[in-house]
Amino acid sequence: MTPILEIRGVTKRYSVRRGMFEPKRSLMAVAGVSATLPRGEVLGLVGESGCGKSTLAKMVLGLETPTEGEILVDGRPVASLGRLERARLVQPVFQDPYSSLNPRRTVAAIVGQPLDVHGEGTAPERRTRVAEMLALVGLAERHAAAYPNQLSGGQRQRVAIARALILRPSLVVCDEPTSALDVSVQAQILNLLAELQAKLGLSYLFISHNLAVVYLIATRVAVMYLGRLVEVGQAETVLTAPDHPYTQALLSAVPTPKPGRGLPGAPLKGSFPNPLDPPPGCPFHPRCPVAQDVCATTPPALESKQAGSTVACHFAG
Ligand SMILES: Nc1ncnc2c1ncn2[C@@H]1O[C@H](COP(=O)(O)OP(=O)(O)O)[C@@H](O)[C@H]1O
Ligand code: SF4
Ligand SMILES: [Mg+2]
């Protein structure tokens with residue numbers, strides 16, 4: 001079966017200037033990323049802030065164009081799709097539900113807008129679909145006439161999810177969908193997303209800087225560092241028996257998903273490198289607790305290590 005998402009050797013370079021009189025320099029936000037998401041699964045993409053997660057998400061959504069490489073959604077190159085075609089295949093749920101909702105429109109108008117744009121159904125049919133969708137995301141009938149500023153953060157994110165799902169896309173790109181919410185509602189929204197994924201047979205590219213969040217929803221996990229994937233595999237394998245020192249360090253920084261598992265790895269030292277000055281060799285070497293001389297000169301390639309996992313480290317395993 002055609003995978004719902006195929007990312008083939010994708011690189012994104014931005015031309016940036018540090019100061020007004022500085023020359024322009026090239027910043028590699030995403031560096032040669034390849035990944036596949038089978039239909040009906042959830043690929044969790046994790047890594048520290050600035051590692052390139054949102055840039056990759058925007059390219060999957062067709063909001064940015066890769067400098068190199070190609071992205072296919074449902075077997076079709078994203079670059080070849082028109083805006084409307086793309087909207088039927090892939091939809092986003094972003095971090096901040098407030099800035100993504102029009103404050104002057106009611107919840108019903110916001111959720112129904114994609115149906116209007118695509119000319120789907122008669123007016124009464126659209127109203128029925130909007131009502132069904134609001135119920136599906138756990139909003140009450142009375143919320144249909146409300147405006148975004150009358151809702152809580154969690155309710156607003158439910159509206160954003162309803163709008164993303166109303167066209168029944170095959171792929172949903174969730175970019176830190178719970179990061180802006182109060183801790184108390186993060187779990188509710190995460191559970192809702194998991195429920196909808198199972199109920200509607202959706203596929204998610206699910207982005208978070210938090211491994212504990214990814215653990216709750218992902219079937220596959222891709223760990224990103226400075227624009228590169230460093231470890232990819234089944235969620236269970238990557239999150240309970242990680243092979244890459246970076247994944248190990250990330251895991252030791254969060255409450256372990258499986259208590260008592262006694263994960264290896266020292267906490268992360270140093271800070272995330274400047275993407276304008278990436279370290280030579282393995283990009284993780286200045287922070288790696290087990291780095292050797294070769295790490296400072298030779299970049300490791302992603303290699304298959306164990307049951308379905310790939311790891312980019314000279315000394316993994
Ligand atoms: N439009 C842009 N122009 C220049 N640099 C950008 C742009 N978007 C992102 N970047 C840079 O690309 C890198 C990756 O950013 P981003 O994809 O937002 O990371 P993440 O979502 O993992 O925090 C960062 O160094 C960021 O500053
Ligand atoms: S290649 Fe070297 S520096 Fe990079 S993660 Fe592996 S051991 Fe650490
Ligand atoms: Mg981001």
# chains A, B, ... in the order shown; residues from 1 in each chain; ligands from 1
>>> residues_near_ligand(ligand="ligand 1", cutoff="7 Å", atoms="only C-alpha atoms and all ligand atoms", output="PDB file with C-alpha atoms, in the first residue's frame")
ATOM      1  CA  TYR A  14      17.299  29.740   4.373  1.00  0.00           C
ATOM      2  CA  SER A  15      19.328  32.756   3.476  1.00  0.00           C
ATOM      3  CA  VAL A  16      19.759  34.795   6.662  1.00  0.00           C
ATOM      4  CA  LEU A  27      21.205  28.284   7.277  1.00  0.00           C
ATOM      5  CA  MET A  28      20.364  24.624   6.824  1.00  0.00           C
ATOM      6  CA  ALA A  29      17.119  24.177   8.788  1.00  0.00           C
ATOM      7  CA  GLY A  47      13.885  17.245  19.110  1.00  0.00           C
ATOM      8  CA  GLU A  48      14.863  20.458  20.866  1.00  0.00           C
ATOM      9  CA  SER A  49      13.535  23.840  19.811  1.00  0.00           C
ATOM     10  CA  GLY A  50      15.255  25.060  16.644  1.00  0.00           C
ATOM     11  CA  CYS A  51      16.127  21.614  15.275  1.00  0.00           C
ATOM     12  CA  GLY A  52      13.913  22.016  12.198  1.00  0.00           C
ATOM     13  CA  LYS A  53      10.627  20.313  13.147  1.00  0.00           C
ATOM     14  CA  SER A  54       8.298  23.129  12.083  1.00  0.00           C
ATOM     15  CA  THR A  55      10.232  23.714   8.867  1.00  0.00           C
ATOM     16  CA  LEU A  56       9.696  20.060   7.961  1.00  0.00           C
ATOM     17  CA  PRO A 275      22.615  26.300  12.984  1.00  0.00           C
TER      18      PRO A 275
END
>>> closest_atom_pairs(of="chain A", to="ligand 2", cutoff="6 Å", atoms="only C-alpha atoms and all ligand atoms", output="JSON lines")
{"residue": "A:Pro245", "atom": "CA", "partner": "ligand 2", "partner_atom_place_in_ligand_line": "5 (S)", "distance": 5.2}
{"residue": "A:Cys282", "atom": "CA", "partner": "ligand 2", "partner_atom_place_in_ligand_line": "4 (Fe)", "distance": 4.6}
{"residue": "A:Phe284", "atom": "CA", "partner": "ligand 2", "partner_atom_place_in_ligand_line": "4 (Fe)", "distance": 5.1}
{"residue": "A:His285", "atom": "CA", "partner": "ligand 2", "partner_atom_place_in_ligand_line": "3 (S)", "distance": 3.5}
{"residue": "A:Cys288", "atom": "CA", "partner": "ligand 2", "partner_atom_place_in_ligand_line": "8 (Fe)", "distance": 4.6}
{"residue": "A:Val290", "atom": "CA", "partner": "ligand 2", "partner_atom_place_in_ligand_line": "7 (S)", "distance": 5.0}
{"residue": "A:Ala291", "atom": "CA", "partner": "ligand 2", "partner_atom_place_in_ligand_line": "3 (S)", "distance": 4.1}
{"residue": "A:Gln292", "atom": "CA", "partner": "ligand 2", "partner_atom_place_in_ligand_line": "2 (Fe)", "distance": 5.9}
{"residue": "A:Cys295", "atom": "CA", "partner": "ligand 2", "partner_atom_place_in_ligand_line": "2 (Fe)", "distance": 4.3}
{"residue": "A:Pro300", "atom": "CA", "partner": "ligand 2", "partner_atom_place_in_ligand_line": "1 (S)", "distance": 5.6}
{"residue": "A:Cys313", "atom": "CA", "partner": "ligand 2", "partner_atom_place_in_ligand_line": "6 (Fe)", "distance": 3.6}
{"residue": "A:His314", "atom": "CA", "partner": "ligand 2", "partner_atom_place_in_ligand_line": "1 (S)", "distance": 4.3}
{"residue": "A:Phe315", "atom": "CA", "partner": "ligand 2", "partner_atom_place_in_ligand_line": "7 (S)", "distance": 5.1}
>>> residues_around(residues="stretch 64-67 of chain A", least_positions_apart="4", cutoff="6 Å", atoms="only C-alpha atoms", output="list in words")
Thr11, Lys12, Lys58 and Met59 of chain A
>>> residues_around(residues="A:Gln155", least_positions_apart="6", cutoff="12 Å", atoms="only C-alpha atoms", output="number ranges by chain")
A: 96-98, 101, 107, 134, 137-140, 143-144, 146-149, 161-162, 178, 181-182, 185-186, 188-189, 192
>>> residues_around(residues="A:Arg168", least_positions_apart="4", cutoff="12 Å", atoms="only C-alpha atoms", output="PyMOL selection string")
chain A and resi 87-91+114-115+129+133+161-164+172+196-197+199-203
>>> write_last_selection(atoms="C-alpha atoms", output="compact mmCIF listing (two decimals), in the first residue's frame")
# COMPACT_ATOMS: atom_id res chain seq x y z
CA ALA A 87 -6.30 20.80 1.67
CA ARG A 88 -8.25 17.58 1.09
CA LEU A 89 -5.17 15.44 1.69
CA VAL A 90 -3.33 17.17 4.51
CA GLN A 91 -4.41 19.58 7.24
CA PRO A 114 -13.46 24.54 4.40
CA LEU A 115 -16.83 23.11 3.25
CA ARG A 129 -21.65 18.15 9.19
CA MET A 133 -17.87 17.49 13.88
CA ILE A 161 -9.10 20.21 15.36
CA ALA A 162 -12.70 20.22 14.07
CA ARG A 163 -11.75 22.60 11.28
CA ALA A 164 -8.74 20.42 10.37
CA VAL A 172 -2.93 15.60 9.84
CA LEU A 196 -9.96 10.64 16.65
CA GLN A 197 -6.94 9.04 15.03
CA LYS A 199 -11.90 6.29 15.21
CA LEU A 200 -11.37 7.97 11.82
CA GLY A 201 -8.34 5.93 10.72
CA LEU A 202 -6.22 9.08 10.40
CA SER A 203 -2.45 9.33 9.99
>>> closest_residue(among="A:His209, A:Arg17, A:Lys305, A:Arg76", to="ligand 3", atoms="only C-alpha atoms and all ligand atoms")
A:His209
>>> atom_distance(atom1="atom CA of A:Tyr204", atom2="atom CA of A:Leu5")
9.5 Å
>>> residues_around(residues="A:Ala198", least_positions_apart="4", cutoff="12 Å", atoms="only C-alpha atoms", output="number ranges by chain")
A: 39-42, 191-194, 202-204, 217-219
>>> write_last_selection(atoms="N, CA and C atoms", output="JSON list (two decimals), in the first residue's frame")
[["chain", "number", "residue", "atom", "x", "y", "z"],
["A", 39, "ARG", "N", 0.11, 4.31, 6.31],
["A", 39, "ARG", "CA", -1.26, 4.76, 6.53],
["A", 39, "ARG", "C", -1.79, 4.31, 7.89],
["A", 40, "GLY", "N", -2.49, 5.21, 8.56],
["A", 40, "GLY", "CA", -3.12, 4.85, 9.83],
["A", 40, "GLY", "C", -2.16, 4.84, 11.02],
["A", 41, "GLU", "N", -0.91, 5.30, 10.80],
["A", 41, "GLU", "CA", 0.04, 5.33, 11.92],
["A", 41, "GLU", "C", 0.36, 6.77, 12.33],
["A", 42, "VAL", "N", 1.05, 6.90, 13.45],
["A", 42, "VAL", "CA", 1.44, 8.21, 13.96],
["A", 42, "VAL", "C", 2.95, 8.28, 14.05],
["A", 191, "ASN", "N", -5.53, 13.06, 24.41],
["A", 191, "ASN", "CA", -6.44, 11.91, 24.36],
["A", 191, "ASN", "C", -7.44, 12.05, 23.23],
["A", 192, "LEU", "N", -7.95, 13.27, 23.03],
["A", 192, "LEU", "CA", -8.90, 13.51, 21.95],
["A", 192, "LEU", "C", -8.25, 13.20, 20.60],
["A", 193, "LEU", "N", -7.01, 13.70, 20.41],
["A", 193, "LEU", "CA", -6.33, 13.45, 19.14],
["A", 193, "LEU", "C", -6.11, 11.96, 18.92],
["A", 194, "ALA", "N", -5.75, 11.25, 20.00],
["A", 194, "ALA", "CA", -5.53, 9.80, 19.89],
["A", 194, "ALA", "C", -6.83, 9.07, 19.54],
["A", 202, "LEU", "N", -7.09, 8.01, 10.90],
["A", 202, "LEU", "CA", -6.22, 9.08, 10.40],
["A", 202, "LEU", "C", -4.74, 8.71, 10.54],
["A", 203, "SER", "N", -3.91, 9.42, 9.81],
["A", 203, "SER", "CA", -2.45, 9.33, 9.99],
["A", 203, "SER", "C", -1.98, 10.69, 10.48],
["A", 204, "TYR", "N", -1.06, 10.68, 11.45],
["A", 204, "TYR", "CA", -0.55, 11.95, 11.98],
["A", 204, "TYR", "C", 0.97, 12.04, 11.80],
["A", 217, "ILE", "N", 1.30, 8.81, 22.03],
["A", 217, "ILE", "CA", 0.50, 8.80, 20.81],
["A", 217, "ILE", "C", 1.19, 8.17, 19.60],
["A", 218, "ALA", "N", 2.52, 8.15, 19.57],
["A", 218, "ALA", "CA", 3.23, 7.74, 18.35],
["A", 218, "ALA", "C", 3.35, 6.23, 18.21],
["A", 219, "THR", "N", 3.26, 5.75, 16.98],
["A", 219, "THR", "CA", 3.57, 4.35, 16.70],
["A", 219, "THR", "C", 5.01, 4.24, 16.19]]
>>> closest_residue(among="A:Leu84, A:Ala180, A:Leu63, A:Val33", to="A:Ser99", atoms="only C-alpha atoms")
A:Ala180
>>> closest_residue(among="A:Pro92, A:Arg104, A:Val238, A:Asp175", to="A:Ala160", atoms="only C-alpha atoms")
A:Pro92
